[in-house]
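**Q** Contents of target-v8.txt (compact mmCIF, C-alpha atoms):
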```txt
# COMPACT_ATOMS: atom_id res chain seq x y z
CA MET A 21 124.66 163.36 50.28
CA ASN A 22 124.69 165.64 53.28
CA GLU A 23 123.25 163.72 56.24
CA SER A 24 122.69 166.92 58.20
CA LEU A 25 119.73 167.64 55.91
CA LEU A 26 117.89 164.55 57.15
CA LEU A 27 116.41 165.88 60.40
CA PRO A 28 115.38 169.31 59.05
CA ALA A 29 113.77 167.58 56.05
CA LEU A 30 111.94 165.12 58.29
CA LEU A 31 110.72 167.95 60.52
CA MET A 32 109.51 169.80 57.41
CA LEU A 33 107.55 166.74 56.25
CA ALA A 34 105.96 166.30 59.70
CA LEU A 35 105.22 170.03 59.94
CA LEU A 36 103.55 170.26 56.53
CA SER A 37 101.39 167.20 57.12
CA ALA A 38 100.42 168.47 60.58
CA LEU A 39 99.40 171.82 59.05
CA HIS A 40 97.51 169.96 56.32
CA ALA A 41 95.66 167.93 58.97
CA LYS A 42 94.89 171.20 60.86
CA VAL A 43 96.66 169.94 63.98
CA ASN A 44 97.90 172.35 66.66
CA VAL A 45 101.61 171.90 65.91
CA TYR A 46 102.84 173.48 69.13
CA ASP A 47 100.63 171.32 71.36
CA ALA A 48 101.53 168.14 69.46
CA PHE A 49 105.25 168.88 69.71
CA VAL A 50 105.09 169.71 73.43
CA LYS A 51 103.08 166.56 74.18
CA GLY A 52 105.66 164.43 72.36
CA ALA A 53 108.59 166.24 73.97
CA LYS A 54 107.09 165.51 77.39
CA GLU A 55 107.08 161.78 76.55
CA GLY A 56 110.67 162.02 75.29
CA LEU A 57 111.83 163.66 78.52
CA ALA A 58 109.97 161.06 80.57
CA THR A 59 111.84 158.33 78.67
CA ALA A 60 115.19 159.93 79.53
CA VAL A 61 114.22 159.87 83.23
CA GLU A 62 112.85 156.32 83.07
CA ILE A 63 116.05 154.81 81.70
CA ALA A 64 118.30 156.53 84.30
CA PRO A 65 118.19 153.80 86.99
CA TYR A 66 118.83 151.05 84.41
CA LEU A 67 121.77 152.99 83.00
CA ALA A 68 123.10 153.57 86.53
CA ALA A 69 123.11 149.81 87.15
CA VAL A 70 124.72 148.88 83.87
CA LEU A 71 127.24 151.73 83.72
CA THR A 72 128.44 150.74 87.20
CA ALA A 73 129.18 147.26 85.89
CA VAL A 74 130.79 148.62 82.70
CA ALA A 75 132.94 151.09 84.71
CA LEU A 76 134.10 148.22 86.93
CA LEU A 77 135.17 146.16 83.90
CA ARG A 78 136.79 149.19 82.29
CA GLU A 79 138.70 150.53 85.34
CA THR A 80 140.07 147.16 86.43
CA GLY A 81 141.37 146.45 82.93
CA LEU A 82 139.11 143.43 82.46
CA MET A 83 137.41 145.01 79.43
CA ASP A 84 140.79 145.47 77.73
CA ALA A 85 141.72 141.87 78.53
CA ALA A 86 138.41 140.62 77.10
CA GLN A 87 138.93 142.74 73.97
CA ARG A 88 142.48 141.38 73.52
CA ALA A 89 141.21 137.82 73.97
CA CYS A 90 138.43 138.26 71.41
CA ALA A 91 140.48 140.39 69.00
CA PRO A 92 141.72 137.57 66.68
CA LEU A 93 138.20 136.22 66.10
CA LEU A 94 136.67 139.68 65.69
CA THR A 95 139.43 140.85 63.35
CA ALA A 96 138.93 137.79 61.19
CA LEU A 97 135.28 138.83 60.83
CA GLY A 98 136.22 142.43 60.03
CA LEU A 99 135.15 143.78 63.41
CA PRO A 100 137.24 146.05 65.68
CA ALA A 101 138.10 144.62 69.13
CA GLU A 102 136.33 147.51 70.90
CA SER A 103 132.96 146.31 69.61
CA VAL A 104 132.92 143.06 71.64
CA GLY A 105 130.98 144.53 74.61
CA THR A 106 128.26 146.04 72.42
CA ILE A 107 127.90 142.91 70.28
CA LEU A 108 127.51 140.63 73.33
CA LEU A 109 125.24 142.93 75.36
CA ARG A 110 122.87 144.17 72.62
CA PRO A 111 120.56 141.12 72.49
CA LEU A 112 120.34 141.10 76.30
CA SER A 113 119.47 144.64 77.29
CA GLY A 114 118.87 148.00 75.65
CA SER A 115 120.41 149.98 78.50
CA ALA A 116 123.46 147.71 78.64
CA ALA A 117 123.99 148.24 74.92
CA LEU A 118 123.51 151.99 75.33
CA ALA A 119 126.08 152.00 78.15
CA SER A 120 128.65 150.07 76.14
CA VAL A 121 128.15 152.22 73.01
CA ALA A 122 128.58 155.36 75.14
CA ASP A 123 131.78 153.81 76.49
CA VAL A 124 133.14 153.14 72.98
CA LEU A 125 132.18 156.66 71.82
CA LYS A 126 134.19 158.07 74.70
CA THR A 127 137.25 155.82 74.52
CA ALA A 128 137.61 155.39 70.72
CA GLY A 129 136.19 158.77 69.64
CA PRO A 130 132.69 159.37 68.21
CA ASP A 131 133.77 159.27 64.54
CA SER A 132 136.08 156.24 64.80
CA ARG A 133 135.12 153.13 62.85
CA ALA A 134 134.59 151.21 66.11
CA ALA A 135 132.14 153.82 67.43
CA ARG A 136 130.19 154.08 64.17
CA LEU A 137 130.04 150.29 63.92
CA CYS A 138 128.71 149.96 67.48
CA CYS A 139 126.09 152.65 66.78
CA VAL A 140 124.96 150.85 63.62
CA ILE A 141 124.79 147.44 65.33
CA SER A 142 122.90 148.86 68.29
CA GLY A 143 120.54 150.97 66.17
CA ALA A 144 119.76 148.10 63.81
CA SER A 145 118.84 145.47 66.40
CA GLU A 146 116.59 144.74 69.36
CA THR A 147 116.72 143.10 72.77
CA VAL A 148 116.06 139.59 71.47
CA PHE A 149 115.65 137.81 74.81
CA PHE A 150 113.50 140.45 76.54
CA THR A 151 111.19 141.00 73.57
CA GLY A 152 110.92 137.26 72.96
CA SER A 153 109.98 136.36 76.51
CA LEU A 154 107.56 139.31 76.78
CA TYR A 155 105.65 138.48 73.58
CA LEU A 156 105.64 134.69 74.04
CA GLY A 157 104.68 135.05 77.70
CA ALA A 158 101.73 137.31 76.84
CA ALA A 159 100.37 134.67 74.47
CA GLY A 160 100.90 131.82 76.96
CA VAL A 161 103.31 130.08 74.59
CA ARG A 162 105.21 127.14 76.08
CA ARG A 163 106.77 125.84 72.88
CA SER A 164 108.59 128.74 71.25
CA ARG A 165 109.97 126.44 68.48
CA TYR A 166 112.38 128.34 66.22
CA ALA A 167 111.82 131.86 67.70
CA VAL A 168 115.15 132.32 69.50
CA PRO A 169 117.50 130.60 67.02
CA VAL A 170 116.05 132.55 64.08
CA SER A 171 116.21 135.86 65.98
CA LEU A 172 119.83 135.28 67.02
CA ALA A 173 120.85 134.13 63.53
CA ALA A 174 119.29 137.30 62.07
CA TYR A 175 121.22 139.35 64.65
CA ALA A 176 124.49 137.62 63.70
CA VAL A 177 123.81 138.36 60.02
CA GLY A 178 123.20 142.00 60.98
CA VAL A 179 126.53 142.20 62.83
CA LEU A 180 128.42 140.72 59.86
CA ALA A 181 126.57 143.02 57.44
CA ALA A 182 127.55 146.00 59.63
CA ALA A 183 131.22 144.91 59.46
CA LEU A 184 130.98 144.95 55.66
CA ILE A 185 129.01 148.19 55.32
CA VAL A 186 130.69 150.43 57.93
CA ARG A 187 134.11 151.45 56.64
CA MET B 9 118.97 134.16 80.04
CA ASP B 10 117.86 137.29 81.83
CA MET B 11 119.41 140.60 82.76
CA ASN B 12 119.59 139.68 86.45
CA GLY B 13 122.05 136.87 85.75
CA VAL B 14 124.12 139.00 83.40
CA PHE B 15 124.29 141.90 85.87
CA CYS B 16 125.32 139.62 88.76
CA ALA B 17 127.93 137.90 86.59
CA LEU B 18 129.47 141.21 85.43
CA LEU B 19 129.67 142.54 89.00
CA LEU B 20 131.03 139.28 90.46
CA VAL B 21 133.66 138.86 87.76
CA GLY B 22 134.65 142.53 88.00
CA VAL B 23 135.07 142.56 91.78
CA MET B 24 136.88 139.20 91.85
CA TYR B 25 139.24 140.31 89.08
CA ALA B 26 139.96 143.55 90.99
CA ALA B 27 140.68 141.54 94.17
CA ALA B 28 142.91 139.03 92.35
CA THR B 29 144.96 141.77 90.68
CA GLY B 30 145.09 143.99 93.78
CA GLN B 31 143.13 146.88 92.29
CA ALA B 32 140.85 147.93 95.15
CA ASP B 33 141.40 151.60 94.22
CA ALA B 34 140.28 151.12 90.65
CA ALA B 35 137.23 149.13 91.76
CA GLN B 36 136.19 151.79 94.25
CA ARG B 37 136.65 154.53 91.66
CA ALA B 38 134.55 152.59 89.17
CA LEU B 39 131.72 151.89 91.63
CA LEU B 40 131.46 155.54 92.57
CA SER B 41 131.62 156.81 88.99
CA GLY B 42 129.07 154.54 87.26
CA GLY B 43 126.00 156.31 88.65
CA THR B 44 127.45 159.73 87.87
CA GLN B 45 128.11 158.67 84.29
CA ALA B 46 124.52 157.41 84.02
CA VAL B 47 123.03 160.68 85.26
CA GLU B 48 125.29 162.70 82.94
CA LEU B 49 124.37 160.48 80.01
CA CYS B 50 120.64 160.82 80.72
CA LEU B 51 120.89 164.59 81.08
CA SER B 52 122.78 164.92 77.82
CA LEU B 53 120.33 162.60 76.04
CA ALA B 54 117.23 164.26 77.52
CA GLY B 55 117.39 167.31 75.25
CA ALA B 56 117.61 165.25 72.07
CA TYR B 57 114.92 162.87 73.37
CA ALA B 58 112.66 165.90 73.86
CA PHE B 59 113.21 166.95 70.23
CA PHE B 60 112.66 163.45 68.83
CA GLY B 61 109.60 163.04 71.08
CA GLY B 62 108.22 166.31 69.73
CA LEU B 63 108.89 165.24 66.14
CA MET B 64 107.14 161.92 66.78
CA GLY B 65 104.26 163.84 68.39
CA LEU B 66 103.81 165.73 65.10
CA ILE B 67 104.06 162.52 63.06
CA ARG B 68 101.44 160.87 65.24
CA GLU B 69 98.94 163.76 65.51
CA SER B 70 99.15 164.63 61.83
CA GLY B 71 98.02 161.14 60.87
CA LEU B 72 101.30 160.11 59.24
CA ALA B 73 101.66 157.20 61.69
CA ALA B 74 98.10 156.00 60.99
CA GLY B 75 98.80 156.32 57.26
CA LEU B 76 101.86 154.12 57.62
CA ALA B 77 99.85 151.54 59.58
CA ALA B 78 97.20 151.49 56.82
CA ALA B 79 99.85 151.15 54.11
CA LEU B 80 101.34 148.12 55.91
CA ARG B 81 98.02 146.23 55.95
CA ARG B 82 98.16 144.48 52.58
CA PRO B 83 101.88 143.58 52.51
CA LEU B 84 101.71 142.24 56.08
CA PHE B 85 98.62 140.16 55.34
CA ARG B 86 100.52 138.52 52.48
CA LEU B 87 103.73 138.11 54.45
CA LEU B 88 102.31 136.55 57.61
CA ARG B 89 100.17 133.74 56.10
CA PHE B 90 97.71 133.56 59.00
CA GLU B 91 96.01 130.39 60.16
CA LEU B 92 92.21 130.53 60.30
CA GLY B 93 91.08 133.20 62.81
CA GLU B 94 94.50 134.72 63.33
CA GLU B 95 93.84 137.52 60.83
CA ALA B 96 91.79 139.28 63.56
CA ALA B 97 95.16 140.42 64.92
CA LEU B 98 96.07 142.32 61.73
CA PRO B 99 95.05 145.84 62.91
CA ASP B 100 97.15 145.50 66.07
CA ILE B 101 100.05 144.05 64.06
CA CYS B 102 99.99 147.06 61.70
CA LEU B 103 99.81 149.44 64.66
CA ASN B 104 102.72 147.67 66.40
CA LEU B 105 105.05 147.54 63.40
CA SER B 106 104.32 151.10 62.22
CA ALA B 107 105.07 152.38 65.74
CA ASP B 108 108.25 150.25 65.79
CA MET B 109 109.34 151.69 62.43
CA LEU B 110 108.90 155.23 63.78
CA GLY B 111 110.72 154.41 67.02
CA MET B 112 107.63 154.81 69.24
CA GLY B 113 108.37 151.86 71.52
CA ASN B 114 105.81 152.91 74.14
CA ALA B 115 102.98 152.72 71.61
CA ALA B 116 104.27 149.57 69.93
CA THR B 117 104.42 147.14 72.85
CA PRO B 118 100.77 147.12 74.04
CA ALA B 119 99.53 146.61 70.45
CA GLY B 120 102.12 143.86 69.89
CA LEU B 121 101.08 141.97 73.01
CA ARG B 122 97.39 142.27 72.06
CA ALA B 123 98.21 140.90 68.61
CA MET B 124 100.04 137.89 70.08
CA ARG B 125 97.09 137.14 72.42
CA THR B 126 94.56 137.46 69.59
CA MET B 127 96.54 135.00 67.45
CA ALA B 128 96.96 132.59 70.38
CA ASP B 129 93.20 132.75 71.05
CA ALA B 130 92.52 131.77 67.42
CA HIS B 131 93.79 128.27 68.18
CA GLY B 132 92.50 128.08 71.73
CA ARG B 133 95.71 129.16 73.51
CA ASP B 134 97.21 125.68 73.20
CA GLY B 135 100.68 126.92 74.22
CA ARG B 136 101.88 126.50 70.63
CA ALA B 137 103.38 129.37 68.65
CA SER B 138 102.04 129.35 65.07
CA ASP B 139 104.21 130.31 62.09
CA ALA B 140 102.47 133.70 61.84
CA MET B 141 103.08 134.38 65.55
CA LEU B 142 106.76 133.47 65.21
CA LEU B 143 107.29 135.58 62.10
CA PHE B 144 105.60 138.53 63.82
CA LEU B 145 107.85 137.99 66.85
CA VAL B 146 110.96 137.80 64.66
CA LEU B 147 109.99 141.11 62.99
CA ASN B 148 109.91 142.58 66.49
CA THR B 149 113.26 141.10 67.59
CA THR B 150 115.18 142.04 64.42
CA SER B 151 114.14 145.72 64.67
CA VAL B 152 112.39 147.57 61.86
CA GLN B 153 113.16 151.07 63.16
CA LEU B 154 113.72 153.56 60.33
CA LEU B 155 115.48 156.31 62.27
CA PRO B 156 117.99 155.32 65.02
CA THR B 157 117.11 158.35 67.18
CA THR B 158 118.94 157.27 70.35
CA MET B 159 122.17 156.58 68.47
CA ILE B 160 121.99 159.94 66.66
CA ALA B 161 121.46 161.67 70.02
CA LEU B 162 124.31 159.73 71.62
CA ARG B 163 126.69 160.66 68.79
CA ALA B 164 125.67 164.31 68.89
CA GLN B 165 126.37 164.58 72.62
CA ALA B 166 129.72 162.77 72.20
CA GLY B 167 130.80 165.53 69.80
CA SER B 168 130.54 163.70 66.49
CA ALA B 169 131.18 165.79 63.36
CA SER B 170 128.26 164.08 61.60
CA PRO B 171 125.87 162.41 64.07
CA ALA B 172 123.41 161.27 61.35
CA ASP B 173 125.96 159.56 59.08
CA ILE B 174 124.99 156.20 60.59
CA VAL B 175 121.39 156.40 59.33
CA LEU B 176 121.91 154.80 55.91
CA PRO B 177 124.22 151.97 57.12
CA THR B 178 121.77 151.28 59.97
CA LEU B 179 118.89 150.96 57.48
CA LEU B 180 120.91 148.57 55.31
CA VAL B 181 121.85 146.41 58.30
CA THR B 182 118.26 146.39 59.57
CA ALA B 183 117.09 145.31 56.12
CA ALA B 184 119.70 142.52 55.95
CA ALA B 185 118.85 141.19 59.43
CA THR B 186 115.08 141.42 58.98
CA GLY B 187 115.28 139.84 55.50
CA CYS B 188 117.34 136.99 56.90
CA GLY B 189 114.87 136.53 59.80
CA VAL B 190 111.91 136.32 57.40
CA ALA B 191 113.75 133.88 55.10
CA LEU B 192 114.69 131.60 58.02
CA CYS B 193 111.10 131.60 59.32
CA ARG B 194 109.88 130.58 55.85
CA LEU B 195 112.48 127.81 55.72
CA TYR B 196 111.44 126.37 59.10
CA ALA B 197 107.73 126.63 58.25
CA ALA B 198 108.29 124.85 54.91
CA ARG B 199 110.32 122.09 56.58
CA LYS B 200 107.52 121.46 59.07
CA ARG B 201 104.93 121.20 56.28
CA GLY B 202 107.25 118.84 54.42
CA ARG B 203 107.48 116.50 57.43
CA ARG B 204 103.72 116.45 57.93
CA ARG B 205 103.01 115.23 54.40
```
If you took the structure in this file and wrote it as structure tokens, what would it be?
**A**
Amino acid sequence: MNESLLLPALLMLALLSALHAKVNVYDAFVKGAKEGLATAVEIAPYLAAVLTAVALLRETGLMDAAQRACAPLLTALGLPAESVGTILLRPLSGSAALASVADVLKTAGPDSRAARLCCVISGASETVFFTGSLYLGAAGVRRSRYAVPVSLAAYAVGVLAAALIVR
Amino acid sequence: MDMNGVFCALLLVGVMYAAATGQADAAQRALLSGGTQAVELCLSLAGAYAFFGGLMGLIRESGLAAGLAAALRRPLFRLLRFELGEEAALPDICLNLSADMLGMGNAATPAGLRAMRTMADAHGRDGRASDAMLLFLVLNTTSVQLLPTTMIALRAQAGSASPADIVLPTLLVTAAATGCGVALCRLYAARKRGRRR
């Protein structure tokens, strides 16, 4: 299958159903694009904070040391050492995960197994702690029972599944 | 565990490690380059975000998103096993999860929070999370997004030969994690009922 067909095909589907619904396609696209651009601006300060921390760990060699230390465990699970930052940061923060994936894309190459694995892990999961506290807080929940253990266990299963699926 | 603690820990450990290994130069270089990298990353992502935003605009305005929300109604009603009164949250739950599937985070969150409040109100906001509330939360924390738009954009700007080749593996991993989350919720809920008897 040629994956490059995916976006054009999706656009075609959206276009045809917009025409069918007699929607002004141009206006709808521009309105959405405006929101997309706003998102890119909104995440900038968060990325600045996290990329500063990641650059510090990278430039001082601490990231490499952490990767070497975790390598035996990760290798045993079928995961490349470079993925340790992404795996640890993903449940904590979306921008931290984005920063660490961008770092792996740059250092290991965008089509390396490590980079594809980090993209899959990051794209297939959520910020467990942030989402959990936001949703439980909104409902005034004091006893969250099994919410966090189940979410983290599901994340761990996702990481292991990614190690099996991404070759 | 919040982001403030993580950020402070990363900075503290980084600076202390630089001091202990005599790498003031490297630390200074890193501190001055992080912000630049962030701005460059945002600029290079902005174009793709504009396209994906436009695509999502079409999906929303053409009624495809509402159609997805309507299609989710019956399966979600069966899956969530509401307690009495909680089913009032179903429209918001459908809205939240359909927006999550399409990657419209901004539309998903307000509906999700409304749904949680509605379910909490059904048992008088007693500070307890019901099984339906927890399963709904787990669906939100395991991600149900169908198209990993940010990762595709990131790969495209990094010069990948095939930015979208992660779509199928991402879907499989999402399905595995979400399936596992649902199964574990069921297991916990069943164990609780077993103890009560």
**Q** Which chain A residues are at most 6 Å from chain B (counting all atoms listed in the file), as number ranges by chain?
**A** A: 23, 34, 37-38, 41, 48-50, 52-53, 56-57, 60, 67-68, 71-73, 75-77, 79-80, 130-131, 139-140, 143-146, 148, 155, 159-164, 167, 170-171, 174, 177-178, 181-182
**Q** So which residues touch Cys102 in chain B within 8 Å, counting all atoms listed in the file, skipping near sequence neighbours fewer than 5 positions away, as a ChimeraX atom specification?
**A** /B:77-78,80-81,84
**Q** So what do you get for CA of Leu105 in chain B versus CA of Ala158 in chain A, distance-wise?
**A**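 Pair CA of Leu105 in chain B / CA of Ala158 in chain A returns 17.2 Å.
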**Q** Need the axis-aligned box for range 86-101 of chain A with 8 Å each side, so what are the centre and edges in Å to one decimal, as lines of an AutoDock Vina configuration file?
**A**
```
center_x = 138.8
center_y = 141.1
center_z = 68.6
size_x = 23.3
size_y = 25.8
size_z = 33.1
```
**Q** So, counting all atoms listed in the file, which residue among A:Arg187, A:Arg78, A:His40, A:Arg165 is closest to Pro100 in chain A?
**A**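 Between A:Arg187, A:Arg78, A:His40, A:Arg165, the residue approaching Pro100 in chain A most closely is A:Arg187.
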**Q** Could you check the closest approach to Ala119 in chain B for each of B:Leu87, B:Asp100, B:Ala198, B:Ala73 and tell me which residue wins, using only C-alpha atoms?
**A** B:Asp100
**Q** For CA of Leu184 in chain A and CA of Leu99 in chain A, determine how far apart the two atoms are, in Å to one decimal place.
**A** 8.9 Å
**Q** So the first atom is CA of Leu82 in chain A and the second is CA of Leu125 in chain A; what is the distance between them in Å, to one decimal place?
**A**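 Taking CA of Leu82 in chain A and CA of Leu125 in chain A, their separation equals 18.3 Å.
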**Q** Please, which residues are within 8 Å of (129.1, 146.9, 65.0) by the file's coordinates, counting all atoms listed in the file, and could they come as JSON, numbers by chain?
**A** {"A": [99, 103, 106, 107, 134, 135, 136, 137, 138, 139, 140, 141, 142, 179, 182, 183]}
**Q** Have a look at A:Val104, A:Val186, A:Leu30, A:Leu172 and name the one nearest to Gly152 in chain A; count all atoms listed in the file.
**A**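 Nearest candidate to Gly152 in chain A out of A:Val104, A:Val186, A:Leu30, A:Leu172: A:Leu172.
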**Q** Need the neighbours of (117.4, 147.6, 78.4): which residues are at most 10 Å away, counting only C-alpha atoms, as JSON, numbers by chain?
**A** {"A": [63, 66, 67, 70, 109, 110, 111, 112, 113, 114, 115, 116, 117, 118, 119, 146, 147, 150], "B": [11]}
**Q** Please write the residues from the selection above to a file, keeping C-alpha atoms, as a PDB file, keeping the file's coordinate frame.
**A**
```pdb
ATOM      1  CA  ILE A  63     116.050 154.810  81.700  1.00  0.00           C
ATOM      2  CA  TYR A  66     118.830 151.050  84.410  1.00  0.00           C
ATOM      3  CA  LEU A  67     121.770 152.990  83.000  1.00  0.00           C
ATOM      4  CA  VAL A  70     124.720 148.880  83.870  1.00  0.00           C
ATOM      5  CA  LEU A 109     125.240 142.930  75.360  1.00  0.00           C
ATOM      6  CA  ARG A 110     122.870 144.170  72.620  1.00  0.00           C
ATOM      7  CA  PRO A 111     120.560 141.120  72.490  1.00  0.00           C
ATOM      8  CA  LEU A 112     120.340 141.100  76.300  1.00  0.00           C
ATOM      9  CA  SER A 113     119.470 144.640  77.290  1.00  0.00           C
ATOM     10  CA  GLY A 114     118.870 148.000  75.650  1.00  0.00           C
ATOM     11  CA  SER A 115     120.410 149.980  78.500  1.00  0.00           C
ATOM     12  CA  ALA A 116     123.460 147.710  78.640  1.00  0.00           C
ATOM     13  CA  ALA A 117     123.990 148.240  74.920  1.00  0.00           C
ATOM     14  CA  LEU A 118     123.510 151.990  75.330  1.00  0.00           C
ATOM     15  CA  ALA A 119     126.080 152.000  78.150  1.00  0.00           C
ATOM     16  CA  GLU A 146     116.590 144.740  69.360  1.00  0.00           C
ATOM     17  CA  THR A 147     116.720 143.100  72.770  1.00  0.00           C
ATOM     18  CA  PHE A 150     113.500 140.450  76.540  1.00  0.00           C
TER      19      PHE A 150
ATOM     20  CA  MET B  11     119.410 140.600  82.760  1.00  0.00           C
TER      21      MET B  11
END
```
